[in-house]
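To start, the structure itself, in structure tokens.
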Amino acid sequence: MSFGNVELFKPWMLPRGTQHVDLPGTYSLARKLNIDAAHAVTGFEFPKKLRAVPVLSGVVVCSDKADLLREAWLITTKSRWRKLRKKESRKSTTIGSCS
């Protein structure tokens with residue numbers, strides 16, 4: 001049964017003309033940017049004796065789109081950190097003004 005994933009248990013299993021981008025959240029980002037991407041299955045976990053659960057780590061994309069995806073990931077991650085820091089600083093100023 002095929003789930004649209006790429007099995008990538010060893011580095012040599014990477015298809016020609018593609019790259020493995022192993023960053024969190026890259027699959028949803030690739031979809032937003034209309035970049036064809038497939039989850040990379042890098043192994044299996046066996047939490048119960050009779051069931052195997054695939055370990056997904058990053059995505060596999062065409063080589064010409066990999067740099068674009070990495071740059072977009074960096075930009076969105078920086079943006080999230082800025083928002084988080086801003087939120088944290090607002091919390092600390094309101095808590096400090098109460099006392």
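Chain labels A, B, ... are given in the sequence in which chains occur in the structure tokens; within each chain residues are numbered consecutively from 1, and ligands are likewise numbered from 1 in the order shown.
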_If we count only C-alpha atoms and set the cut-off at 7 Å, which residues sit around Leu56 of chain A, ignoring sequence neighbours fewer than 6 positions away in its own chain? Please answer as a PyMOL selection string._
chain A and resi 39-42
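The space between atom CA of Arg90 of chain A and atom CA of Leu74 of chain A spans 24.4 Å.
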*So, counting only C-alpha atoms, which residue among A:Leu14, A:Leu8, A:Ala52, A:Leu29 is closest to Thr76 of chain A?*
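Looking only at the distances to Thr76 of chain A, the closest residue turns out to be A:Leu29.
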*Run DSSP on the backbone and grab whatever in segment 40-88 of chain A lands in strand (DSSP E); send it over as a list in words.*
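Across segment 40-88 of chain A, those assigned strand (DSSP E) are Ala40, Val41, Thr42, Gly43, Phe44, Glu45, Phe46, Pro47, Lys48, Arg51, Ala52, Val53, Pro54, Val55, Leu56, Ser57, Gly58, Val59, Val60, Val61 and Cys62 of chain A.
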*Report the distance between atom CA of Val55 of chain A and atom CA of Ala37 of chain A in Å, rounded to one decimal place.*
16.4 Å
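For the atom pair formed by atom CA of Ala72 of chain A and atom CA of Ala38 of chain A, the distance is 17.2 Å, given to one decimal.
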*Can you list every residue in chain A that DSSP puts in alpha helix (DSSP H), as a ChimeraX atom specification?*
/A:26-32,63-98
At a cut-off of 10 Å, using only C-alpha atoms, what residues contact Cys62 of chain A? Leave out same-chain residues fewer than 6 positions from it and give the result as a PDB file with N, CA and C atoms, in the first residue's frame.
ATOM      1  N   PRO A  15      16.186   9.349  -4.023  1.00  0.00           N
ATOM      2  CA  PRO A  15      16.082   9.348  -5.489  1.00  0.00           C
ATOM      3  C   PRO A  15      16.960  10.431  -6.121  1.00  0.00           C
ATOM      4  N   ARG A  16      17.435  10.174  -7.334  1.00  0.00           N
ATOM      5  CA  ARG A  16      18.265  11.153  -8.049  1.00  0.00           C
ATOM      6  C   ARG A  16      17.471  12.431  -8.286  1.00  0.00           C
ATOM      7  N   GLY A  17      18.175  13.550  -8.162  1.00  0.00           N
ATOM      8  CA  GLY A  17      17.552  14.843  -8.427  1.00  0.00           C
ATOM      9  C   GLY A  17      16.694  15.353  -7.280  1.00  0.00           C
ATOM     10  N   THR A  18      16.810  14.718  -6.103  1.00  0.00           N
ATOM     11  CA  THR A  18      16.041  15.165  -4.945  1.00  0.00           C
ATOM     12  C   THR A  18      16.972  15.415  -3.768  1.00  0.00           C
ATOM     13  N   GLN A  19      16.430  16.100  -2.760  1.00  0.00           N
ATOM     14  CA  GLN A  19      17.179  16.348  -1.529  1.00  0.00           C
ATOM     15  C   GLN A  19      16.270  16.081  -0.340  1.00  0.00           C
ATOM     16  N   HIS A  20      16.889  15.671   0.750  1.00  0.00           N
ATOM     17  CA  HIS A  20      16.164  15.445   1.995  1.00  0.00           C
ATOM     18  C   HIS A  20      16.284  16.705   2.843  1.00  0.00           C
ATOM     19  N   ILE A  35       5.013  23.442  -3.477  1.00  0.00           N
ATOM     20  CA  ILE A  35       6.187  22.642  -3.809  1.00  0.00           C
ATOM     21  C   ILE A  35       5.813  21.181  -3.589  1.00  0.00           C
ATOM     22  N   ASP A  36       6.045  20.347  -4.603  1.00  0.00           N
ATOM     23  CA  ASP A  36       5.797  18.914  -4.446  1.00  0.00           C
ATOM     24  C   ASP A  36       6.772  18.345  -3.432  1.00  0.00           C
ATOM     25  N   ALA A  37       6.225  17.700  -2.419  1.00  0.00           N
ATOM     26  CA  ALA A  37       7.053  17.132  -1.364  1.00  0.00           C
ATOM     27  C   ALA A  37       6.423  15.834  -0.882  1.00  0.00           C
TER      28      ALA A  37
END
*Skip Leu69 of chain A itself and residues of its chain fewer than 6 positions away, then list as a PyMOL selection string all residues within 9 Å of it, counting only C-alpha atoms.*
chain A and resi 21+26+29-30+33+35+61
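Nearest to Gly4 of chain A of all the residues A:Asn34, A:Gly43, A:Val60, A:Arg51 is A:Val60, based on only C-alpha atoms.
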*asked:* I'd like to know which of A:Val59, A:Thr93, A:Arg82, A:Asn5 is closest to Arg31 of chain A, using only C-alpha atoms.
replied: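 Ranked by minimum distance to Arg31 of chain A, first place goes to A:Val59.
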